[in-house]
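Dumped entry_11.cif below, it's mmCIF, C-alpha atoms:
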data_entry
loop_
_atom_site.label_atom_id
_atom_site.label_comp_id
_atom_site.auth_asym_id
_atom_site.auth_seq_id
_atom_site.Cartn_x
_atom_site.Cartn_y
_atom_site.Cartn_z
CA MET A 1 0.00 0.00 0.00
CA ALA A 2 1.38 3.44 -0.89
CA GLY A 3 0.39 7.04 -1.38
CA GLN A 4 -3.01 7.83 0.05
CA GLY A 5 -3.12 4.48 1.80
CA PHE A 6 -0.01 5.37 3.79
CA PHE A 7 -1.47 8.73 4.84
CA ASP A 8 -4.72 7.06 5.91
CA GLN A 9 -2.82 4.48 7.95
CA LEU A 10 -0.72 7.20 9.57
CA GLU A 11 -3.74 9.29 10.62
CA GLN A 12 -5.58 6.22 11.89
CA SER A 13 -2.54 5.11 13.91
CA PHE A 14 -2.07 8.60 15.33
CA ALA A 15 -5.75 8.75 16.31
CA GLU A 16 -5.44 5.37 18.07
CA PHE A 17 -2.33 6.60 19.86
CA SER A 18 -4.30 9.63 21.06
CA GLN A 19 -6.71 7.40 22.95
CA PRO A 20 -6.11 6.60 26.66
CA LEU A 21 -3.77 3.64 27.15
CA PRO A 22 -3.04 2.80 23.49
CA SER A 23 -2.35 -0.86 22.89
CA GLN A 24 0.76 -0.14 20.82
CA LEU A 25 3.22 2.67 20.24
CA GLY A 26 4.18 3.88 16.79
CA ALA A 27 6.98 5.76 15.08
CA LEU A 28 8.10 7.03 11.70
CA VAL A 29 11.48 5.96 10.35
CA CYS A 30 12.86 7.97 7.43
CA VAL A 31 15.80 6.49 5.50
CA LEU A 32 17.58 8.70 2.96
CA VAL A 33 20.51 7.47 0.87
CA ASP A 34 23.44 9.89 1.01
CA HIS A 35 25.23 10.85 -2.23
CA TRP A 36 22.55 9.17 -4.30
CA GLN A 37 23.35 11.28 -7.37
CA GLU A 38 26.71 9.52 -7.73
CA LEU A 39 24.97 6.16 -7.54
CA ARG A 40 22.52 7.28 -10.20
CA GLU A 41 25.38 8.20 -12.53
CA GLU A 42 26.96 4.80 -12.03
CA TYR A 43 23.93 2.49 -11.89
CA GLY A 44 21.08 4.53 -13.36
CA TYR A 45 17.57 4.70 -12.00
CA ALA A 46 17.19 0.94 -12.19
CA GLY A 47 20.06 0.64 -9.72
CA LEU A 48 18.56 3.25 -7.37
CA PHE A 49 15.19 1.53 -7.31
CA SER A 50 16.87 -1.81 -6.71
CA LEU A 51 18.79 -0.26 -3.82
CA ARG A 52 15.63 1.21 -2.35
CA LYS A 53 13.93 -2.19 -2.54
CA GLN A 54 16.83 -3.79 -0.67
CA ILE A 55 16.69 -1.06 2.00
CA ASP A 56 12.99 -1.75 2.39
CA ALA A 57 13.75 -5.43 2.97
CA GLU A 58 16.46 -4.55 5.50
CA LEU A 59 14.04 -2.28 7.36
CA ARG A 60 11.43 -5.04 7.59
CA ARG A 61 14.06 -7.36 9.10
CA HIS A 62 14.70 -4.94 11.94
CA PHE A 63 11.14 -4.02 12.88
CA ASN A 64 8.63 -6.67 13.98
CA GLU A 65 5.66 -4.70 12.65
CA VAL A 66 5.95 -2.46 9.61
CA VAL A 67 2.47 -1.07 8.99
CA ASP A 68 3.29 0.60 5.68
CA VAL A 69 6.14 2.13 3.70
CA LEU A 70 5.97 5.30 1.62
CA MET A 71 8.54 5.58 -1.15
CA LEU A 72 9.52 9.26 -1.04
CA SER A 73 11.74 9.34 -4.11
CA GLU A 74 14.42 7.34 -5.86
CA SER A 75 16.67 7.99 -2.87
CA GLY A 76 14.53 7.47 0.20
CA LEU A 77 11.57 6.02 2.03
CA VAL A 78 9.65 6.50 5.25
CA ALA A 79 8.08 3.67 7.24
CA LEU A 80 5.27 3.58 9.78
CA VAL A 81 6.29 1.04 12.43
CA LYS A 82 4.76 -0.20 15.68
CA ALA A 83 5.85 -2.06 18.81
CA ASP A 84 4.90 -2.52 22.45
CA SER A 85 7.44 0.01 23.74
CA SER A 86 9.22 3.12 22.55
CA ASP A 87 12.56 1.68 23.69
CA SER A 88 12.04 -1.31 21.42
CA LEU A 89 11.25 0.94 18.47
CA GLU A 90 14.31 3.12 19.00
CA ALA A 91 16.58 0.12 19.46
CA SER A 92 15.35 -1.34 16.17
CA GLY A 93 15.92 2.00 14.45
CA ARG A 94 19.49 2.31 15.69
CA SER A 95 20.14 -1.29 14.71
CA LEU A 96 18.86 -0.52 11.21
CA PHE A 97 21.18 2.50 10.93
CA ASP A 98 24.20 0.40 11.92
CA ALA A 99 23.20 -2.42 9.55
CA LEU A 100 22.87 -0.08 6.56
CA ALA A 101 26.44 1.11 7.12
CA ARG A 102 27.75 -2.46 7.23
CA LYS A 103 25.69 -4.05 4.48
CA VAL A 104 26.95 -4.63 0.95
CA PHE A 105 24.11 -4.11 -1.53
CA ASP A 106 23.95 -5.97 -4.82
CA LEU A 107 23.65 -3.61 -7.78
CA GLY A 108 24.14 -5.20 -11.16
CA SER A 109 27.16 -7.47 -10.88
CA ASP A 110 28.85 -5.38 -8.21
CA GLY A 111 28.63 -4.84 -4.48
CA VAL A 112 27.91 -1.34 -3.20
CA ALA A 113 28.40 0.20 0.24
CA ILE A 114 26.38 3.26 1.20
CA THR A 115 25.88 5.73 3.98
CA ALA A 116 22.38 6.76 4.95
CA THR A 117 20.67 9.41 7.03
CA VAL A 118 18.03 7.94 9.34
CA GLY A 119 15.44 10.04 11.15
CA PHE A 120 13.44 8.35 13.92
CA CYS A 121 10.30 10.03 15.24
CA PRO A 122 8.13 8.29 17.88
CA PHE A 123 4.48 9.27 18.17
CA ASP A 124 4.02 12.27 20.44
CA LEU A 125 0.80 14.07 21.27
CA ARG A 126 2.60 17.41 20.98
CA PHE A 127 2.39 16.92 17.22
CA THR A 128 -0.93 18.24 16.01
CA ASP A 129 -1.50 15.26 13.72
CA GLY A 130 0.24 12.56 11.74
CA SER A 131 0.75 14.79 8.72
CA ARG A 132 2.68 17.36 10.77
CA MET A 133 4.78 14.58 12.25
CA LEU A 134 5.59 13.21 8.78
CA THR A 135 6.58 16.63 7.45
CA GLU A 136 8.85 17.30 10.44
CA THR A 137 10.52 13.89 10.18
CA VAL A 138 11.30 14.07 6.48
CA SER A 139 12.35 17.74 6.47
CA LEU A 140 14.78 17.22 9.36
CA ALA A 141 16.26 14.13 7.75
CA GLU A 142 16.68 16.03 4.48
CA ASP A 143 18.37 18.90 6.31
CA LEU A 144 20.77 16.48 7.99
CA ARG A 145 21.60 14.84 4.67
CA ARG A 146 22.31 18.23 3.07
CA HIS A 147 24.92 18.80 5.78
CA GLY A 148 26.80 15.58 5.07
CA GLY A 149 24.47 12.82 6.23
CA ASN A 150 25.54 9.45 7.62
CA GLU A 151 23.83 10.25 10.90
CA TRP A 152 21.03 9.03 13.14
CA LEU A 153 18.59 11.66 14.38
CA SER A 154 15.97 11.10 17.07
CA ILE A 155 13.18 13.60 16.47
CA SER A 156 10.65 15.06 18.88
CA PRO A 157 8.44 18.16 18.77
CA ASN A 158 11.15 19.95 20.74
CA VAL A 159 13.76 19.28 18.06
CA SER A 160 13.14 21.21 14.88
CA ALA A 161 15.35 22.06 11.95
CA ALA A 162 16.20 25.19 13.91
CA GLN A 163 17.61 23.03 16.70
CA ALA A 164 19.35 20.25 14.79
CA SER A 165 22.80 21.69 15.46
CA ALA A 166 24.50 23.86 18.05
CA ASP A 167 24.96 26.66 15.53
CA LYS A 168 21.26 26.68 14.75
CA ARG A 169 20.36 26.66 18.43
CA ARG A 170 22.52 29.72 18.94
CA MET A 171 20.96 31.36 15.89
CA LEU A 172 17.48 30.67 17.22
CA GLY A 173 18.37 32.13 20.60
CA LEU A 174 19.81 35.26 19.00
CA LEU A 175 16.72 35.69 16.83
CA MET A 176 14.30 35.26 19.74
CA GLU A 177 16.28 37.71 21.87
CA SER A 178 16.36 40.29 19.06
CA LEU A 179 12.61 40.06 18.53
CA ARG A 180 11.81 40.09 22.24
CA ASN A 181 14.02 43.12 22.95
CA ASN A 182 13.19 44.96 19.72
CA LYS A 183 16.84 44.82 18.67
CA LEU A 184 16.47 43.35 15.20
CA HIS A 185 18.57 45.30 12.71
CA VAL A 186 17.33 46.50 9.36
CA VAL A 187 19.35 47.46 6.30
CA TYR A 188 18.13 49.09 3.12
CA GLN A 189 19.19 48.31 -0.44
CA ALA A 190 18.33 50.74 -3.18
CA LEU A 191 16.61 49.75 -6.41
CA LEU A 192 18.08 51.71 -9.31
CA PRO A 193 15.45 52.75 -11.87
CA THR A 194 16.47 52.34 -15.50
CA HIS A 195 14.30 55.29 -16.44
CA GLY A 196 13.58 58.53 -14.65
CA GLU A 197 11.58 58.30 -11.43
CA ASP A 198 11.07 60.77 -8.60
CA VAL A 199 10.47 58.12 -5.93
CA HIS A 200 13.44 56.39 -4.27
CA CYS A 201 12.84 52.66 -3.87
CA PHE A 202 14.47 50.51 -1.17
CA GLN A 203 14.15 46.92 -0.08
CA MET A 204 14.10 46.43 3.69
CA LEU A 205 16.23 43.49 4.80
CA PRO A 206 16.40 42.09 8.37
CA ARG A 207 19.75 41.37 10.00
CA LEU A 208 20.84 39.83 13.30
CA LYS A 209 23.75 41.38 15.16
CA ALA A 210 26.23 38.79 16.38
CA ALA A 211 28.31 39.13 19.55
CA ASP A 212 31.29 40.34 17.51
CA GLY A 213 29.19 43.07 15.91
CA GLU A 214 28.90 41.37 12.55
CA LEU A 215 25.48 41.48 10.88
CA ILE A 216 24.08 38.06 9.96
CA PRO A 217 22.19 38.08 6.63
CA ALA A 218 18.58 36.95 6.41
CA ALA A 219 19.44 33.90 4.31
CA ASP A 220 21.28 32.46 7.32
CA PHE A 221 18.47 32.78 9.85
CA LEU A 222 15.22 32.68 7.87
CA PRO A 223 15.26 28.84 7.71
CA VAL A 224 15.67 28.84 11.50
CA ALA A 225 12.80 31.33 11.86
CA ARG A 226 10.56 29.19 9.65
CA SER A 227 11.32 25.96 11.48
CA ALA A 228 10.67 27.61 14.85
CA SER A 229 7.40 29.16 13.60
CA LEU A 230 8.84 32.64 14.10
CA LEU A 231 8.35 33.90 10.55
CA PRO A 232 4.94 35.45 11.29
CA THR A 233 6.43 37.35 14.23
CA LEU A 234 9.38 38.49 12.13
CA ASP A 235 7.08 39.55 9.29
CA ARG A 236 4.84 41.55 11.60
CA TRP A 237 7.88 43.25 13.13
CA MET A 238 9.25 44.22 9.71
CA LEU A 239 5.91 45.49 8.46
CA SER A 240 5.33 47.57 11.59
CA ARG A 241 8.82 49.04 11.23
CA ALA A 242 8.14 49.97 7.59
CA VAL A 243 4.85 51.65 8.44
CA GLN A 244 6.52 53.53 11.29
CA LEU A 245 9.28 54.81 9.01
CA LEU A 246 6.90 55.89 6.26
CA SER A 247 4.54 57.64 8.66
CA SER A 248 7.12 59.37 10.87
CA ALA A 249 10.83 59.81 10.04
CA HIS A 250 10.27 59.67 6.27
CA ARG A 251 6.71 60.92 6.17
CA HIS A 252 7.51 63.67 3.67
CA ASP A 253 10.26 61.91 1.72
CA PRO A 254 9.61 60.47 -1.75
CA ILE A 255 10.44 56.85 -0.89
CA ARG A 256 8.90 53.45 -1.46
CA LEU A 257 9.73 50.48 0.76
CA PHE A 258 9.63 46.81 -0.31
CA VAL A 259 9.01 44.50 2.65
CA SER A 260 9.29 40.72 2.30
CA GLN A 261 6.48 38.65 3.83
CA ALA A 262 5.88 34.92 4.17
CA GLU A 263 2.50 33.23 3.80
CA GLU A 264 0.69 34.50 6.92
CA LEU A 265 -1.08 37.33 5.08
CA LEU A 266 -2.14 34.78 2.46
CA VAL A 267 -3.66 32.28 4.87
CA ASN A 268 -4.87 34.33 7.82
CA GLU A 269 -8.02 36.44 7.43
CA ASP A 270 -7.46 38.13 10.81
CA ARG A 271 -3.97 39.10 9.74
CA ARG A 272 -5.34 40.75 6.59
CA ALA A 273 -7.89 42.60 8.72
CA ARG A 274 -5.08 43.91 10.93
CA LEU A 275 -3.18 45.01 7.83
CA ALA A 276 -6.23 46.94 6.63
CA LYS A 277 -6.57 48.58 10.05
CA MET A 278 -2.88 49.49 10.16
CA VAL A 279 -2.92 51.03 6.69
CA GLY A 280 -6.27 52.73 7.32
CA GLU A 281 -4.85 54.53 10.35
CA THR A 282 -2.09 56.05 8.21
CA SER A 283 -2.68 58.38 5.29
CA VAL A 284 0.81 58.31 3.79
CA LEU A 285 1.24 54.69 2.66
CA GLU A 286 -0.46 54.74 -0.73
CA ASP A 287 2.04 53.82 -3.45
CA ARG A 288 4.83 53.92 -0.83
CA LEU A 289 4.55 50.43 0.69
CA VAL A 290 5.08 47.21 -1.30
CA LEU A 291 4.54 43.74 0.17
CA ASP A 292 6.90 41.19 -1.35
CA PHE A 293 5.94 37.48 -1.53
CA HIS A 294 7.60 34.43 -3.04
CA LEU A 295 5.67 33.37 -6.10
CA THR A 296 5.53 29.78 -4.81
CA ASP A 297 3.78 30.94 -1.60
CA THR A 298 1.05 32.70 -3.57
CA MET A 299 0.63 29.69 -5.84
CA ALA A 300 0.24 27.46 -2.78
CA HIS A 301 -2.50 29.74 -1.39
CA LEU A 302 -4.36 31.08 -4.41
CA ASN A 303 -7.62 31.85 -2.62
CA GLY A 304 -5.80 33.89 0.00
CA ALA A 305 -3.72 35.55 -2.72
CA ASP A 306 -6.92 36.61 -4.47
CA LYS A 307 -8.17 38.27 -1.28
CA LEU A 308 -4.86 39.92 -0.53
CA LEU A 309 -4.48 41.31 -4.06
CA ALA A 310 -7.97 42.78 -3.90
CA LEU A 311 -7.28 44.26 -0.46
CA ALA A 312 -3.95 45.70 -1.58
CA ARG A 313 -5.59 47.47 -4.53
CA GLU A 314 -8.21 48.88 -2.17
CA LEU A 315 -5.56 50.11 0.27
CA GLY A 316 -3.15 51.45 -2.34
CA VAL A 317 -0.45 48.99 -1.24
CA GLY A 318 1.78 47.46 -3.90
CA ILE A 319 2.39 43.73 -4.35
CA CYS A 320 5.66 42.24 -5.59
CA LEU A 321 6.16 38.56 -6.44
CA SER A 322 9.73 37.26 -6.16
CA GLN A 323 11.77 34.31 -7.41
CA VAL A 324 10.23 34.51 -10.88
CA ASP A 325 12.00 32.97 -13.88
CA ASP A 326 11.39 31.62 -17.35
CA HIS A 327 9.94 28.42 -15.89
CA SER A 328 7.29 30.23 -13.84
CA ASN A 329 3.59 30.07 -14.64
CA TRP A 330 3.35 33.22 -16.75
CA THR A 331 -0.28 32.57 -17.63
CA LEU A 332 -1.04 32.88 -13.92
CA LEU A 333 1.10 36.01 -13.62
CA GLU A 334 -0.72 37.61 -16.53
CA GLY A 335 -4.12 36.75 -15.08
CA ARG A 336 -5.07 35.69 -11.59
CA LEU A 337 -1.80 36.78 -9.93
CA ARG A 338 -1.58 40.14 -11.65
CA CYS A 339 0.63 42.35 -9.46
CA ASP A 340 2.64 45.57 -9.48
CA TYR A 341 6.22 44.23 -9.47
CA LEU A 342 8.02 41.03 -10.39
CA ARG A 343 11.44 40.37 -8.87
CA MET A 344 13.25 37.83 -11.00
CA ALA A 345 15.17 34.90 -9.54
CA PRO A 346 18.93 35.55 -9.13
CA ASP A 347 19.88 32.50 -11.20
CA PHE A 348 17.67 33.72 -14.04
CA VAL A 349 19.31 37.16 -13.86
CA ARG A 350 22.76 35.58 -14.15
CA ARG A 351 21.70 33.49 -17.14
CA LEU A 352 20.01 36.43 -18.79
CA ALA A 353 23.08 38.64 -18.33
CA ARG A 354 25.08 36.11 -20.37
CA SER A 355 22.48 35.85 -23.12
CA ASP A 356 23.28 37.16 -26.60
CA ASP A 357 19.55 37.53 -27.24
CA LEU A 358 18.88 39.46 -24.06
CA ALA A 359 16.41 42.04 -25.31
CA HIS A 360 14.41 39.55 -27.35
CA ASP A 361 14.32 36.92 -24.58
CA LEU A 362 13.17 39.35 -21.93
CA ASP A 363 10.66 41.18 -24.12
CA GLU A 364 9.03 37.94 -25.17
CA LEU A 365 8.89 36.62 -21.60
CA THR A 366 7.50 39.75 -19.94
CA GLN A 367 5.37 41.25 -22.69
CA GLY A 368 2.07 40.16 -21.15
CA VAL A 369 2.76 41.24 -17.57
CA ARG A 370 4.26 44.54 -18.64
CA ALA A 371 1.14 45.24 -20.68
CA ASN A 372 -0.78 44.82 -17.41
CA GLY A 373 1.44 47.40 -15.71
CA ALA A 374 3.88 45.15 -13.85
CA GLN A 375 7.43 46.45 -13.43
CA ILE A 376 10.44 44.14 -13.59
CA ILE A 377 13.19 44.06 -10.94
CA MET A 378 16.56 42.40 -11.56
CA PRO A 379 18.20 41.60 -8.17
CA MET A 380 21.57 40.27 -6.99
CA ILE A 381 23.62 42.01 -9.67
CA GLU A 382 27.21 41.67 -8.51
CA ASP A 383 29.38 42.84 -11.42
CA ALA A 384 29.53 45.89 -13.64
CA GLY A 385 29.37 43.88 -16.85
CA ALA A 386 26.02 42.36 -15.92
CA ALA A 387 24.70 45.77 -14.88
CA ALA A 388 25.74 47.34 -18.17
CA HIS A 389 24.31 44.44 -20.15
CA LEU A 390 20.97 44.61 -18.37
CA TRP A 391 20.69 48.40 -18.34
CA GLY A 392 19.37 48.64 -21.86
CA SER A 393 16.95 45.71 -21.54
CA ALA A 394 13.24 45.73 -20.78
CA VAL A 395 13.62 46.03 -17.02
CA ASP A 396 12.57 48.78 -14.64
CA TYR A 397 14.93 48.36 -11.68
CA LEU A 398 18.41 46.96 -11.05
CA GLN A 399 19.41 45.82 -7.57
CA GLY A 400 22.61 44.39 -6.12
CA ASN A 401 25.88 45.18 -4.43
CA ILE A 402 27.39 46.61 -7.61
CA ILE A 403 24.48 49.04 -7.74
CA GLN A 404 24.54 49.86 -4.02
CA PRO A 405 25.37 47.66 -1.04
CA ALA A 406 22.73 47.46 1.68
CA GLN A 407 23.12 50.28 4.20
CA GLY A 408 21.99 50.85 7.75
CA GLN A 409 20.15 54.05 6.89
CA ILE A 410 17.98 55.32 4.07
CA ARG A 411 20.07 57.75 2.05
CA LEU A 412 18.31 59.90 -0.52
CA SER A 413 21.32 61.88 -1.73
CA ASP A 414 23.44 60.56 -4.57
#
What's the structure tokens form of this structure?
Amino acid sequence: MAGQGFFDQLEQSFAEFSQPLPSQLGALVCVLVDHWQELREEYGYAGLFSLRKQIDAELRRHFNEVVDVLMLSESGLVALVKADSSDSLEASGRSLFDALARKVFDLGSDGVAITATVGFCPFDLRFTDGSRMLTETVSLAEDLRRHGGNEWLSISPNVSAAQASADKRRMLGLLMESLRNNKLHVVYQALLPTHGEDVHCFQMLPRLKAADGELIPAADFLPVARSASLLPTLDRWMLSRAVQLLSSAHRHDPIRLFVSQAEELLVNEDRRARLAKMVGETSVLEDRLVLDFHLTDTMAHLNGADKLLALARELGVGICLSQVDDHSNWTLLEGRLRCDYLRMAPDFVRRLARSDDLAHDLDELTQGVRANGAQIIMPMIEDAGAAAHLWGSAVDYLQGNIIQPAQGQIRLSD
């Protein structure tokens, strides 16, 4: 049984575990093959699927009751297992991990040794449901594999991706302290218009200040914030800071602030109502505040995106969708997700900067959205050649360290 059958079994088992004095205890065991890409190059997909089948058999030898196995991909699986005690389950899991390191697998006419990352997650009522437990188990195992793998990880609701290493624990503590004491730092990076404009545009970027005074970039702590469910708090803090700046210190300055937001405004009706109240209490935000969302977040919450886009138009707040490239759903961008700005993905910008058919490629790609009034932002431009190459193309803003590094204050003078 696979797919939906596995999910049904998981939810049923979790519901049984939630009853008083459950007859059995359960756990999820996630096994991910490390360095599977090299094995694919050597043995092809047939070899990977043969390896996965042998791992499945090894798993069933170590656990007395395997309720079901979900094949995650060519390189991994997750099993729902049961036993009379949690100690028995964990002992079987550790034994499996050791056995995988020792075993020689038969692939073709050769023997293959592997390393694997194994995540073990016993049922715990602090998980809201089986689905949440599954997501946590697989995501943590994937994170461990990305950092080298060949490890065993015992997972509980108190151990998240933000806490899987000492460095991440320290990062989480620094983030929580900064939010609690209102000491989060903000830097501002200018967007350079490719045609005349009287308004100065800046992207607000959060930073954490380390003990040595160095500022930690958002890319280093946003995964920690997400895993610890702190992104909504961070987003609210950033948005409040932007509104405060626009309505007080820079009330009379011709500036526009881009503020990144995660999915909370897309999924939470109360949060949208608070946004409307916040904007309604200030008369200086129209066409000066832009909320910036990842395109994938809006695509994952289309109904909420519809409501937010309508609300933003009503409030005079701009919407920017980021991480857009030539593989994005442009039909959606030209229709249902029609917005004010599109920030292209950095990898796309790098590829486009090397293109000999730059103007044609970009014009063809963006013709529909530009006809609807969307403006195009090219971020992460790090060298003068790319900036010069992109300057004459069909874009509206250039952004990156070669244009202007992020600064601790908004500077309007050249």
Checklist entry - Can you list, as a ChimeraX atom specification, every protein, DNA or RNA residue that comes within 7 Å of region 274-290 of chain A when you count all atoms listed in the file, leaving out same-chain residues fewer than 3 positions away? => result /A:246-247,251,255-259,270-271,315-320
How about saving the chosen residues, C-alpha atoms kept, as a compact mmCIF listing (two decimals), in the frame of the given file?
# COMPACT_ATOMS: atom_id res chain seq x y z
CA LEU A 246 6.90 55.89 6.26
CA SER A 247 4.54 57.64 8.66
CA ARG A 251 6.71 60.92 6.17
CA ILE A 255 10.44 56.85 -0.89
CA ARG A 256 8.90 53.45 -1.46
CA LEU A 257 9.73 50.48 0.76
CA PHE A 258 9.63 46.81 -0.31
CA VAL A 259 9.01 44.50 2.65
CA ASP A 270 -7.46 38.13 10.81
CA ARG A 271 -3.97 39.10 9.74
CA LEU A 315 -5.56 50.11 0.27
CA GLY A 316 -3.15 51.45 -2.34
CA VAL A 317 -0.45 48.99 -1.24
CA GLY A 318 1.78 47.46 -3.90
CA ILE A 319 2.39 43.73 -4.35
CA CYS A 320 5.66 42.24 -5.59
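With all atoms listed in the file taken into account, the protein and nucleic acid residues at most 7 Å from region 105-116 of chain A (excluding it and anything under 3 positions from it in its own chain) are Val31, Leu32, Val33, Asp34, Gly47, Leu51, Ala101, Gly149 and Asn150 of chain A.
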Residue neighbourhood Leu230 (chain A), 10 Å, all atoms listed in the file, exclusion window fewer than 5 positions, as a tab-separated table (two decimals) with C-alpha atoms, in the coordinates of the input:
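Okay, around-v3.tsv is ready:
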chain	number	residue	atom	x	y	z
A	172	LEU	CA	17.48	30.67	17.22
A	175	LEU	CA	16.72	35.69	16.83
A	176	MET	CA	14.30	35.26	19.74
A	179	LEU	CA	12.61	40.06	18.53
A	222	LEU	CA	15.22	32.68	7.87
A	223	PRO	CA	15.26	28.84	7.71
A	224	VAL	CA	15.67	28.84	11.50
A	225	ALA	CA	12.80	31.33	11.86
A	235	ASP	CA	7.08	39.55	9.29
Near Glu382 (chain A), within 7 Å and counting all atoms listed in the file, which residues show up once chain neighbours fewer than 3 positions away are dropped, as a PDB file with C-alpha atoms, keeping the file's coordinate frame?
ATOM      1  CA  GLY A 400      22.610  44.390  -6.120  1.00  0.00           C
ATOM      2  CA  ASN A 401      25.880  45.180  -4.430  1.00  0.00           C
ATOM      3  CA  ILE A 402      27.390  46.610  -7.610  1.00  0.00           C
TER       4      ILE A 402
END
Checklist entry - Could you spell out the hits of the PyMOL selection byres ((chain A and resi 92) around 12) on the shown file, as a VMD selection string? => result chain A and resid 27 to 29 58 to 66 81 to 83 85 to 91 93 to 99 118 120
Item to check | region 204-212 of chain A surroundings by all atoms listed in the file, 8 Å radius, close-in-sequence under 3 positions cut, as JSON, numbers by chain | outcome: {"A": [174, 175, 178, 184, 185, 186, 187, 188, 189, 215, 216, 217, 218, 238, 242, 257, 258, 259, 260]}
Could you spell out the hits of the PyMOL selection byres ((chain A and resi 399) around 10) on the shown file, as a PDB file with C-alpha atoms, in the frame of the given file?
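The resulting result-v4.pdb:
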ATOM      1  CA  GLN A 189      19.190  48.310  -0.440  1.00  0.00           C
ATOM      2  CA  ALA A 190      18.330  50.740  -3.180  1.00  0.00           C
ATOM      3  CA  LEU A 191      16.610  49.750  -6.410  1.00  0.00           C
ATOM      4  CA  LEU A 192      18.080  51.710  -9.310  1.00  0.00           C
ATOM      5  CA  PRO A 193      15.450  52.750 -11.870  1.00  0.00           C
ATOM      6  CA  PHE A 202      14.470  50.510  -1.170  1.00  0.00           C
ATOM      7  CA  GLN A 203      14.150  46.920  -0.080  1.00  0.00           C
ATOM      8  CA  ARG A 343      11.440  40.370  -8.870  1.00  0.00           C
ATOM      9  CA  ILE A 377      13.190  44.060 -10.940  1.00  0.00           C
ATOM     10  CA  MET A 378      16.560  42.400 -11.560  1.00  0.00           C
ATOM     11  CA  PRO A 379      18.200  41.600  -8.170  1.00  0.00           C
ATOM     12  CA  MET A 380      21.570  40.270  -6.990  1.00  0.00           C
ATOM     13  CA  ILE A 381      23.620  42.010  -9.670  1.00  0.00           C
ATOM     14  CA  GLU A 382      27.210  41.670  -8.510  1.00  0.00           C
ATOM     15  CA  ALA A 387      24.700  45.770 -14.880  1.00  0.00           C
ATOM     16  CA  TYR A 397      14.930  48.360 -11.680  1.00  0.00           C
ATOM     17  CA  LEU A 398      18.410  46.960 -11.050  1.00  0.00           C
ATOM     18  CA  GLY A 400      22.610  44.390  -6.120  1.00  0.00           C
ATOM     19  CA  ASN A 401      25.880  45.180  -4.430  1.00  0.00           C
ATOM     20  CA  ILE A 402      27.390  46.610  -7.610  1.00  0.00           C
ATOM     21  CA  ILE A 403      24.480  49.040  -7.740  1.00  0.00           C
ATOM     22  CA  GLN A 404      24.540  49.860  -4.020  1.00  0.00           C
ATOM     23  CA  PRO A 405      25.370  47.660  -1.040  1.00  0.00           C
ATOM     24  CA  ALA A 406      22.730  47.460   1.680  1.00  0.00           C
TER      25      ALA A 406
END
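Of note, CA of Ile55 (chain A) and CA of Pro157 (chain A) are spaced 26.8 Å apart.
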Item to check | Pairwise distance for CA of Asp347 (chain A) and CA of Leu321 (chain A), rounded to one decimal in Å | outcome: 15.7 Å
